[in-house]
Amino acid sequence: SENRTGCVLSSSSEFPEGFFTPQERKDGGIVIYFLIILYMFLAVSIVCDDYFLPSLEIISECLGLSQDVAGATFMAAGSSAPELVTAFLGVFVTKGDIGVSTILGSAVYNLLGISAACGLFSSMVSRLSCWPLFRDCLAYTISVAAVLAMISDNRIYWYESASLLLIYGCYILVLCFDIKINQYLMKKFSPCCTCFTKAMEENAEQQPLVGWREESGPLIRQQSRTDSGIFQDELDYSQLSKSMHGLDEISEDHPSVFTVPEADMKRILWVLSLPIITLLYLTIPDCRRQFWRNWFMVTFLISAAWISAITYVLVWMITIAGETLGIPESVMGLTLLAAGTSVPDTVASVLVARKGNGDMAMSNIVGSNVFDMLCLGIPWFIKTAFINTSGPIEVNSGGLTYTAISLICSVVFIFLAVHLNGWKIDKKLGAICLVLYLVFTILSILYELGIIGNNPTRVCGN
């Protein structure tokens with residue numbers, strides 16, 4: 001956070017002190033921090049795979065959500081829970097401002113970094129639809145423009161923060177009527193949308209979202225966007241539930257989380273992760289099992305809370321490790337911290353992309369950024385409207401122009417990259433996004449260090 005002296009407080013000042021002194025960390029204690037970081041990565045992947053995504057699957061079934069709508073709403077909200085917690089801490093506890101590295105690093109990583117991970121780590125090619133990506137990119141562009149307009153005068157008023165909530169409310173409203181809007185646009189612009197319709201038809205078969213059935217089980221025919229959505233009659237809803245999810249076949253025979261894997265490498269990993277597996281088993285109802293199936297909302301909320309807690313520890317360890325290695329604060333914010341806070345989004349998106357659900361993965365990526373804008377609006381509104389009504393919140397808008405250009409360019413680049421790649425997620429798209437992310441990161445670091453522009457960032461006390 002930047003204060004009135006123009007310097008930036010160290011990121012470690014927002015976390016408790018580590019369990020080693022700086023000298024002990026330099027003498028080898030930093031290895032413990034790296035082991036904890038790796039274990040937190042393992043923990044968040046277990047939470048997402050065993051509890052978070054299965055609960056999202058049942059929520060989607062109960063509400064009749066299409067994959068992209070589920071990814072842009074519940075999946076984005078759950079995996080972005082750490083950002084919401086961080087936003088509240090920044091407004092009410094640490095009194096921090098919005099720094100360039102916080103907005104720019106996380107947003108660009110979410111768009112390009114996670115897209116690169118989905119393409120490079122996915123074993124299958126996922127087809128994408130035009131409307132969901134266009135819808136989410138447009139919503140994100142509008143929300144970014146709103147935030148940048150608000151902080152241009154370094155002050156946030158209650159009506160400005162309320163407008164952020166209104167924008168997100170309009171976004172949810174569009175999602176509620178998503179299918180109807182999509183059908184209207186497809187008829188209106190059918191000449192330019194035929195290629196996307198054909199691409200969807202070619203991807204007629206795919207596996208279920210979380211893969212609750214065995215690999216040898218029957219493949220599920222993908223429902224087109226014209227017959228899935230929130231508002232459907234009972235017949236359509238029943239067909240969607242059976243064809244998209246296959247939950248009618250779930251039984252008590254679902255393998256226990258304590259089942260030992262057969263492969264040697266997986267068995268070693270299972271033994272190492274046994275403590276976190278046991279802790280999660282005792283605290284989160286497993287809605288994949290018939291006994292706990294009706295507790296899916298409890299599973300969703302508790303798994304989101306666990307994701308927030310694990311991400312907090314992860315970012316804490318990364319911050320101290322970076323400080324020990326002497327990595328500049330500006331570089332940390334744009335790289336390690338940006339990636340650390342987005343670990344749940346990364347893991348969740350990659351998991352669903354590996355199952356062939358490209359629309360859900362991309363909607364989660366962009367929808368998480370839209371939700372992050374809401375994360376700023378909620379604490380701002382609470383503070384300006386109910387707690388400190390005498391005046392606005394003071395923020396710092398240094399680097400506003402570069403931030404605006406970078407965020408908007410990243411949205412345009414990801415949309416164009418997907419379009420030029422034939423509306424599919426594959427390793428080629430992953431490589432393109434990775435190169436774009438590296439370019440953005442290098443330019444951003446040069447800007448933060450003062451090599452580009454005339455506004456170098458200085459850490460207080462240095």
# chains A, B, ... in the order shown; residues from 1 in each chain; ligands from 1
call {"tool": "select_by_dssp", "arguments": {"residues": "region 314-410 of chain A", "states": "helix (DSSP H, G or I)", "output": "PyMOL selection string"}}
result
chain A and resi 314-324+329-334+336-341+343-354+358-387+400-410
call {"tool": "residues_around", "arguments": {"residues": "region 343-351 of chain A", "least_positions_apart": "4", "cutoff": "6 Å", "atoms": "only C-alpha atoms", "output": "number ranges by chain"}}
result
A: 79, 114, 118, 361
call {"tool": "residues_around", "arguments": {"residues": "Glu83 (chain A)", "least_positions_apart": "5", "cutoff": "8 Å", "atoms": "only C-alpha atoms", "output": "PDB file with N, CA, C and O atoms, in the first residue's frame"}}
result
ATOM      1  N   THR A 341      -2.085 -15.381  -5.133  1.00  0.00           N
ATOM      2  CA  THR A 341      -3.485 -15.100  -4.806  1.00  0.00           C
ATOM      3  C   THR A 341      -4.441 -15.722  -5.813  1.00  0.00           C
ATOM      4  O   THR A 341      -5.629 -15.863  -5.534  1.00  0.00           O
ATOM      5  N   ASP A 372     -13.584  -9.707  -8.870  1.00  0.00           N
ATOM      6  CA  ASP A 372     -12.577  -8.933  -8.137  1.00  0.00           C
ATOM      7  C   ASP A 372     -12.954  -7.461  -8.065  1.00  0.00           C
ATOM      8  O   ASP A 372     -12.670  -6.778  -7.074  1.00  0.00           O
ATOM      9  N   CYS A 375     -15.258  -7.239  -5.404  1.00  0.00           N
ATOM     10  CA  CYS A 375     -14.533  -7.340  -4.141  1.00  0.00           C
ATOM     11  C   CYS A 375     -14.073  -5.967  -3.658  1.00  0.00           C
ATOM     12  O   CYS A 375     -13.951  -5.727  -2.454  1.00  0.00           O
TER      13      CYS A 375
END
call {"tool": "atom_distance", "arguments": {"atom1": "CA of Ser410 (chain A)", "atom2": "CA of Val44 (chain A)"}}
result
26.8 Å
call {"tool": "residues_around", "arguments": {"residues": "Phe121 (chain A)", "least_positions_apart": "5", "cutoff": "9 Å", "atoms": "only C-alpha atoms", "output": "NGL selection string"}}
result
:A and (116 or 350 or 353-354 or 426-427 or 430)
call {"tool": "closest_residue", "arguments": {"among": "A:Tyr281, A:Ala139, A:Ser363, A:Ser163", "to": "Gln67 (chain A)", "atoms": "only C-alpha atoms"}}
result
A:Ser363
call {"tool": "closest_residue", "arguments": {"among": "A:Ile432, A:Gly71, A:Cys48, A:Cys62", "to": "Met360 (chain A)", "atoms": "only C-alpha atoms"}}
result
A:Gly71
call {"tool": "closest_residue", "arguments": {"among": "A:Ala43, A:Val298, A:Leu84, A:Ala72", "to": "Gly377 (chain A)", "atoms": "only C-alpha atoms"}}
result
A:Leu84
call {"tool": "closest_residue", "arguments": {"among": "A:Cys137, A:Phe296, A:Asn369, A:Leu429", "to": "Ser60 (chain A)", "atoms": "only C-alpha atoms"}}
result
A:Phe296
call {"tool": "closest_residue", "arguments": {"among": "A:Ile58, A:Met362, A:Val125, A:Cys170", "to": "Ile142 (chain A)", "atoms": "only C-alpha atoms"}}
result
A:Cys170
call {"tool": "atom_distance", "arguments": {"atom1": "CA of Leu416 (chain A)", "atom2": "CA of Ser66 (chain A)"}}
result
23.8 Å
call {"tool": "closest_residue", "arguments": {"among": "A:Arg135, A:Lys180, A:His419, A:Lys383", "to": "Ser161 (chain A)", "atoms": "only C-alpha atoms"}}
result
A:Lys383
call {"tool": "closest_atom_pairs", "arguments": {"of": "region 28-68 of chain A", "to": "region 300-316 of chain A", "cutoff": "9 Å", "atoms": "only C-alpha atoms", "output": "Markdown table"}}
result
| residue | atom | partner | partner_atom | distance |
| --- | --- | --- | --- | --- |
| A:Ile36 | CA | A:Leu314 | CA | 7.7 |
| A:Ile37 | CA | A:Leu314 | CA | 5.6 |
| A:Leu38 | CA | A:Leu314 | CA | 8.7 |
| A:Tyr39 | CA | A:Leu314 | CA | 9.0 |
| A:Met40 | CA | A:Leu314 | CA | 6.0 |
| A:Phe41 | CA | A:Leu314 | CA | 7.8 |
| A:Ala43 | CA | A:Ile310 | CA | 7.4 |
| A:Val44 | CA | A:Ile307 | CA | 6.2 |
| A:Val47 | CA | A:Ser303 | CA | 6.4 |
| A:Cys48 | CA | A:Ser303 | CA | 7.7 |
| A:Tyr51 | CA | A:Ser303 | CA | 6.4 |
| A:Phe52 | CA | A:Phe300 | CA | 5.6 |
| A:Leu53 | CA | A:Phe300 | CA | 8.3 |
| A:Pro54 | CA | A:Phe300 | CA | 8.6 |
| A:Ser55 | CA | A:Phe300 | CA | 5.4 |
| A:Leu56 | CA | A:Phe300 | CA | 6.9 |
| A:Ile59 | CA | A:Phe300 | CA | 8.9 |
call {"tool": "atom_distance", "arguments": {"atom1": "CA of Val352 (chain A)", "atom2": "CA of Leu175 (chain A)"}}
result
20.1 Å
